[in-house]
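Q: One file is attached below, work_32.tsv, containing TSV, C-alpha atoms and all ligand atoms.
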chain	number	residue	atom	x	y	z
A	1	MET	CA	13.12	20.44	40.76
A	2	GLN	CA	11.63	17.17	39.64
A	3	PHE	CA	13.63	14.08	38.96
A	4	GLY	CA	12.62	11.63	36.31
A	5	LEU	CA	14.10	9.25	33.85
A	6	SER	CA	14.57	10.72	30.45
A	7	HIS	CA	13.60	8.69	27.41
A	8	ASP	CA	16.49	7.04	25.72
A	9	LYS	CA	16.24	8.72	22.34
A	10	ARG	CA	17.95	5.88	20.51
A	11	ASN	CA	15.17	3.50	21.46
A	12	ILE	CA	12.31	5.60	20.21
A	13	SER	CA	11.04	4.18	16.96
A	14	ASP	CA	9.66	6.25	14.12
A	15	SER	CA	6.22	4.86	14.77
A	16	ASP	CA	6.45	5.83	18.47
A	17	LEU	CA	7.15	9.40	17.42
A	18	LEU	CA	4.43	9.42	14.79
A	19	SER	CA	1.78	7.86	16.95
A	20	ASP	CA	2.50	10.39	19.69
A	21	LEU	CA	2.09	13.13	17.10
A	22	CYS	CA	-1.24	11.62	16.10
A	23	ARG	CA	-2.28	11.38	19.74
A	24	VAL	CA	-1.55	15.06	20.32
A	25	ALA	CA	-3.35	15.93	17.08
A	26	SER	CA	-6.51	14.18	18.16
A	27	GLU	CA	-6.39	15.28	21.81
A	28	GLN	CA	-5.80	18.89	20.89
A	29	SER	CA	-8.08	18.75	17.84
A	30	GLU	CA	-5.29	20.25	15.81
A	31	VAL	CA	-5.10	18.81	12.34
A	32	HIS	CA	-1.65	20.17	11.57
A	33	VAL	CA	0.06	19.98	14.99
A	34	LYS	CA	2.18	23.04	15.68
A	35	GLN	CA	5.56	22.73	17.33
A	36	ARG	CA	4.24	24.96	20.11
A	37	THR	CA	1.37	22.57	20.79
A	38	TYR	CA	3.61	19.54	20.71
A	39	ARG	CA	6.14	21.11	23.06
A	40	THR	CA	3.38	21.41	25.67
A	41	HIS	CA	1.53	18.13	25.11
A	42	GLY	CA	4.00	15.82	23.37
A	43	LYS	CA	5.95	13.05	24.99
A	44	TYR	CA	9.17	13.56	23.03
A	45	GLY	CA	11.45	16.48	22.24
A	46	ILE	CA	10.87	18.65	19.21
A	47	THR	CA	14.50	18.23	18.18
A	48	THR	CA	14.21	14.44	18.33
A	49	VAL	CA	11.26	14.59	15.95
A	50	ILE	CA	12.93	17.04	13.59
A	51	ARG	CA	16.21	15.17	13.59
A	52	ARG	CA	14.39	11.96	12.73
A	53	PHE	CA	12.23	13.25	9.90
A	54	GLY	CA	14.31	16.11	8.55
A	55	SER	CA	11.82	18.83	9.39
A	56	TRP	CA	8.74	19.42	11.51
A	57	ASN	CA	6.49	19.49	8.47
A	58	ALA	CA	7.93	16.24	7.18
A	59	ALA	CA	7.09	14.59	10.51
A	60	VAL	CA	3.55	15.94	10.43
A	61	LYS	CA	3.23	14.70	6.89
A	62	ALA	CA	4.66	11.27	7.76
A	63	ALA	CA	2.11	11.03	10.54
A	64	GLY	CA	-0.59	11.38	7.90
A	65	LEU	CA	-1.84	14.60	9.43
A	66	GLU	CA	-2.00	16.61	6.25
A	67	THR	CA	-5.74	16.25	6.00
A	68	THR	CA	-6.27	19.32	3.88
A	69	VAL	CA	-4.75	17.48	0.95
A	70	GLU	CA	-5.56	13.95	2.02
A	71	ARG	CA	-9.28	14.48	2.36
A	72	ASN	CA	-9.56	14.56	-1.39
A	73	ILE	CA	-7.84	11.27	-2.11
A	74	PRO	CA	-10.28	8.97	-3.92
A	75	ASP	CA	-10.88	5.57	-2.30
A	76	GLU	CA	-9.47	3.92	-5.42
A	77	GLN	CA	-6.11	5.57	-4.77
A	78	LEU	CA	-6.03	4.33	-1.19
A	79	PHE	CA	-7.01	0.84	-2.36
A	80	SER	CA	-4.31	0.95	-4.99
A	81	ALA	CA	-1.68	1.83	-2.36
A	82	LEU	CA	-2.96	-0.99	-0.18
A	83	TYR	CA	-2.82	-3.36	-3.12
A	84	ASP	CA	0.81	-2.42	-3.81
A	85	LEU	CA	1.73	-3.02	-0.19
A	86	TRP	CA	-0.13	-6.34	-0.13
A	87	VAL	CA	1.69	-7.54	-3.25
A	88	LEU	CA	5.02	-6.28	-1.92
A	89	LEU	CA	4.58	-8.37	1.23
A	90	GLY	CA	2.83	-11.29	-0.45
A	91	ARG	CA	0.22	-11.28	2.31
A	92	GLN	CA	-2.14	-9.11	4.30
A	93	PRO	CA	-0.22	-6.10	5.67
A	94	SER	CA	-0.25	-5.50	9.40
A	95	TYR	CA	-0.98	-2.16	11.03
A	96	ALA	CA	2.70	-1.49	11.71
A	97	GLU	CA	3.65	-2.19	8.09
A	98	VAL	CA	1.57	0.64	6.67
A	99	GLN	CA	4.46	3.03	6.48
A	100	LYS	CA	6.28	5.05	3.91
A	101	PRO	CA	8.00	4.32	1.62
A	102	ALA	CA	6.34	0.89	1.29
A	103	CYS	CA	2.93	2.50	1.46
A	104	LEU	CA	2.16	5.86	-0.07
A	105	PHE	CA	-0.19	6.83	2.76
A	106	HIS	CA	0.10	6.70	6.51
A	107	VAL	CA	-2.10	4.32	8.45
A	108	ALA	CA	-3.89	7.30	10.00
A	109	THR	CA	-5.19	8.22	6.55
A	110	PHE	CA	-6.85	4.81	6.25
A	111	GLU	CA	-8.20	5.02	9.78
A	112	ARG	CA	-9.72	8.41	9.17
A	113	ARG	CA	-11.34	7.33	5.93
A	114	PHE	CA	-12.66	3.92	6.96
A	115	GLY	CA	-13.00	4.21	10.73
A	116	SER	CA	-10.24	1.77	11.65
A	117	TRP	CA	-7.41	-0.15	10.05
A	118	ARG	CA	-9.49	-3.34	10.20
A	119	GLN	CA	-12.37	-1.62	8.42
A	120	ALA	CA	-9.97	-0.30	5.79
A	121	LEU	CA	-8.82	-3.86	5.11
A	122	GLU	CA	-12.43	-5.04	4.92
A	123	ALA	CA	-13.33	-2.24	2.51
A	124	PHE	CA	-10.34	-3.09	0.35
A	125	VAL	CA	-11.09	-6.82	0.25
A	126	SER	CA	-14.71	-6.26	-0.64
A	127	TYR	CA	-13.66	-3.76	-3.32
A	128	ALA	CA	-11.04	-6.13	-4.73
A	129	ASN	CA	-13.41	-9.08	-4.71
A	130	SER	CA	-16.38	-7.26	-6.18
A	131	GLU	CA	-17.24	-7.88	-9.77
A	132	ASP	CA	-15.70	-5.55	-12.27
A	133	MET	CA	-18.40	-3.27	-13.58
A	134	THR	CA	-16.54	-2.27	-16.70
A	135	PRO	CA	-18.33	-3.73	-19.68
A	136	PRO	CA	-16.28	-5.95	-21.97
A	137	ILE	CA	-14.66	-3.93	-24.67
A	138	ALA	CA	-14.27	-4.84	-28.27
A	139	VAL	CA	-10.75	-4.03	-29.40
A	140	VAL	CA	-9.54	-5.09	-32.76
A	141	VAL	CA	-5.83	-5.76	-33.08
A	142	GLY	CA	-4.97	-6.70	-36.62
A	143	ALA	CA	-7.50	-9.34	-37.52
A	144	THR	CA	-8.14	-10.53	-33.95
A	145	PRO	CA	-11.14	-9.06	-32.19
A	146	ARG	CA	-10.77	-8.78	-28.40
A	147	ARG	CA	-13.11	-9.04	-25.46
A	148	THR	CA	-10.65	-7.63	-22.99
A	149	SER	CA	-8.15	-4.82	-22.68
A	150	ARG	CA	-4.48	-5.62	-22.40
A	151	SER	CA	-3.80	-4.80	-18.75
A	152	PRO	CA	-5.73	-6.50	-15.98
A	153	ASP	CA	-7.16	-3.99	-13.50
A	154	LEU	CA	-6.47	-4.08	-9.78
A	155	ARG	CA	-9.39	-6.40	-9.04
A	156	LEU	CA	-8.37	-8.96	-11.61
A	157	ARG	CA	-4.69	-8.83	-10.61
A	158	PHE	CA	-5.63	-9.29	-6.97
A	159	LYS	CA	-7.88	-12.23	-7.83
A	160	VAL	CA	-5.11	-13.96	-9.74
A	161	LEU	CA	-2.52	-13.32	-7.00
A	162	GLN	CA	-4.90	-14.63	-4.35
A	163	ARG	CA	-5.72	-17.70	-6.41
A	164	ASP	CA	-1.98	-18.39	-6.80
A	165	TYR	CA	-1.34	-17.78	-3.06
A	166	PHE	CA	0.98	-14.85	-3.86
A	167	ARG	CA	3.55	-17.30	-5.20
A	168	CYS	CA	5.31	-17.48	-8.54
A	169	CYS	CA	3.68	-20.24	-10.60
A	170	ALA	CA	7.03	-21.15	-12.15
A	171	CYS	CA	9.52	-21.20	-9.24
A	172	GLY	CA	7.29	-20.87	-6.18
A	173	ALA	CA	9.00	-17.70	-4.89
A	174	SER	CA	6.92	-15.49	-2.62
A	175	PRO	CA	7.72	-12.15	-0.97
A	176	SER	CA	6.19	-13.49	2.25
A	177	VAL	CA	9.09	-15.94	2.42
A	178	THR	CA	11.74	-14.00	0.52
A	179	PRO	CA	11.31	-10.25	0.95
A	180	GLY	CA	12.10	-8.41	-2.25
A	181	VAL	CA	10.52	-10.95	-4.60
A	182	LEU	CA	8.49	-8.94	-7.06
A	183	LEU	CA	5.29	-10.57	-8.26
A	184	GLU	CA	3.70	-9.80	-11.57
A	185	VAL	CA	0.54	-10.94	-13.28
A	186	ASP	CA	1.36	-12.41	-16.66
A	187	HIS	CA	-0.63	-13.54	-19.69
A	188	ILE	CA	-0.09	-17.28	-20.35
A	189	MET	CA	-1.01	-16.83	-24.00
A	190	PRO	CA	0.29	-13.36	-24.83
A	191	TRP	CA	-2.38	-10.77	-25.38
A	192	SER	CA	-0.67	-9.81	-28.62
A	193	LYS	CA	-1.21	-13.36	-29.84
A	194	GLY	CA	-4.89	-13.50	-29.04
A	195	GLY	CA	-4.77	-14.36	-25.31
A	196	GLU	CA	-7.50	-12.68	-23.30
A	197	THR	CA	-7.08	-10.78	-20.05
A	198	ALA	CA	-9.12	-13.28	-18.04
A	199	PRO	CA	-8.29	-15.32	-14.92
A	200	GLU	CA	-7.84	-18.54	-16.88
A	201	ASN	CA	-5.21	-16.91	-19.09
A	202	LEU	CA	-3.40	-15.10	-16.28
A	203	GLN	CA	-0.78	-16.38	-13.85
A	204	THR	CA	1.43	-15.04	-11.09
A	205	LEU	CA	5.11	-14.93	-11.99
A	206	CYS	CA	8.04	-13.42	-10.15
A	207	PHE	CA	9.99	-10.72	-11.93
A	208	SER	CA	12.90	-13.07	-12.77
A	209	CYS	CA	10.73	-15.81	-14.23
A	210	ASN	CA	8.69	-13.28	-16.14
A	211	GLN	CA	11.87	-11.74	-17.57
A	212	GLY	CA	13.16	-15.19	-18.50
A	213	LYS	CA	9.94	-15.93	-20.27
A	214	THR	CA	9.97	-12.63	-22.12
A	215	ASN	CA	13.55	-13.20	-23.25
A	216	HIS	CA	12.73	-16.57	-24.73
A	217	ARG	CA	9.81	-15.30	-26.71
A	301	ZN	ZN	9.62	-17.31	-10.35
Let me see whether you can do it: turn the structure in this file into structure tokens.
Ligand SMILES: [Zn+2]
A:
Amino acid sequence: MQFGLSHDKRNISDSDLLSDLCRVASEQSEVHVKQRTYRTHGKYGITTVIRRFGSWNAAVKAAGLETTVERNIPDEQLFSALYDLWVLLGRQPSYAEVQKPACLFHVATFERRFGSWRQALEAFVSYANSEDMTPPIAVVVGATPRRTSRSPDLRLRFKVLQRDYFRCCACGASPSVTPGVLLEVDHIMPWSKGGETAPENLQTLCFSCNQGKTNHR
């Protein structure tokens, strides 16, 4: 009989459980870790994991180990999830913040695709800062011909948010200071009135200010 201190289950965080799952997955070269494998090589109890995530499969999924499906995710979709998280936080997300539900994909998915979390961030930034390759379109609304489409794409939105330091141009609110502040990219001169979707006609507004503006129109 061996004596040892048992882990205090209440102190185990979700990310502790998930990273141990990932560790076992990589050490055992088992993409979808089986309960049997984890029972032998894992640090925590199967029931602790199941109780925390609802089911074994949900835990495996939360750990980002569902590679059969995740292998096919286009880079753009990963970048888009990263963008959403970045805007939600109002700043560069940290490793520990890449978690559901704030981020659609687990950090392991980014690591697998780009080599490391740092490299994922670098790939995203260079994607977001690259020039948009879409040629200008000619849309005609009523009598006004247009150079640009109505909605700014991810690159343009990110550029505007960065330029405005992820702060509302009207009230200065930022999710990095006040979590929950929702930032939007708004046309200064409405697109419907001839305003183009270009940096000089776009500004960062928080949801409340943007609503206020819309109501007064
Ligand atoms: Zn505001």
Q: Report as a PyMOL selection string which protein, DNA and RNA residues come within 9 Å of ligand ZN 301 (chain A), using only C-alpha atoms and all ligand atoms.
A: chain A and resi 167-174+181+183+204-210
Q: From the options A:Asp16, A:Glu196, A:Glu27, A:Glu76, which residue's atoms come nearest to Phe110 of chain A, counting only C-alpha atoms?
A: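 Under the stated criterion, the closest residue is A:Glu76.
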Q: Closest to Val33 of chain A among A:Arg118, A:Arg157, A:Lys61, A:Arg52, using only C-alpha atoms?
A: A:Lys61
Q: What is the distance, in Å and to one decimal place, between atom CA of Ser176 of chain A and atom CA of Ser151 of chain A?
A: 24.8 Å
Q: Give the centre and edge lengths of an axis-aligned box, in Å to one decimal, that holds all listed atoms of segment 170-183 of chain A with 6 Å on each side, as JSON.
A:
{"center_x": 8.7, "center_y": -14.8, "center_z": -4.9, "size_x": 18.8, "size_y": 24.8, "size_z": 26.6}
Q: With all atoms listed in the file as the basis for distance, which of A:Tyr127, A:Trp117, A:Tyr165, A:Phe53 is at the shortest distance from Ser13 of chain A?
A: A:Phe53
Q: Give the answer as one residue: which of A:Ala108, A:Leu78, A:Ile188, A:Leu121 has the shortest atom-to-atom distance to Pro93 of chain A, using only C-alpha atoms?
A: A:Leu121
Q: I'd like to know which of A:Thr40, A:Gln92, A:Gln77, A:Ser15 is closest to Gly64 of chain A, using all atoms listed in the file.
A: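 Counting all atoms listed in the file, the residue closest to Gly64 of chain A is A:Ser15.
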Q: Under the rule that only C-alpha atoms are counted, which of A:Leu82, A:Gln119, A:His41, A:Arg91 is the nearest residue to Cys103 of chain A?
A: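 Counting only C-alpha atoms, the residue closest to Cys103 of chain A is A:Leu82.
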Q: Just give me the gap between atom CA of Arg51 of chain A and atom CA of Ser116 of chain A in Å, one decimal is fine.
A: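 According to the coordinates, atom CA of Arg51 of chain A and atom CA of Ser116 of chain A are separated by 29.7 Å.
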Q: (-6.0, 11.9, 7.4) in this file's frame - what residues fall within 12 Å of it? Use all atoms listed in the file and give the answer as a ChimeraX atom specification.
A: /A:22,25-26,30-32,60-73,78,105-116
Q: Excluding Glu131 of chain A and its own-chain neighbours fewer than 3 positions away, which residues fall within 12 Å of it when counting only C-alpha atoms? Please give them as number ranges by chain.
A: A: 125-128, 134-135, 153-156, 159
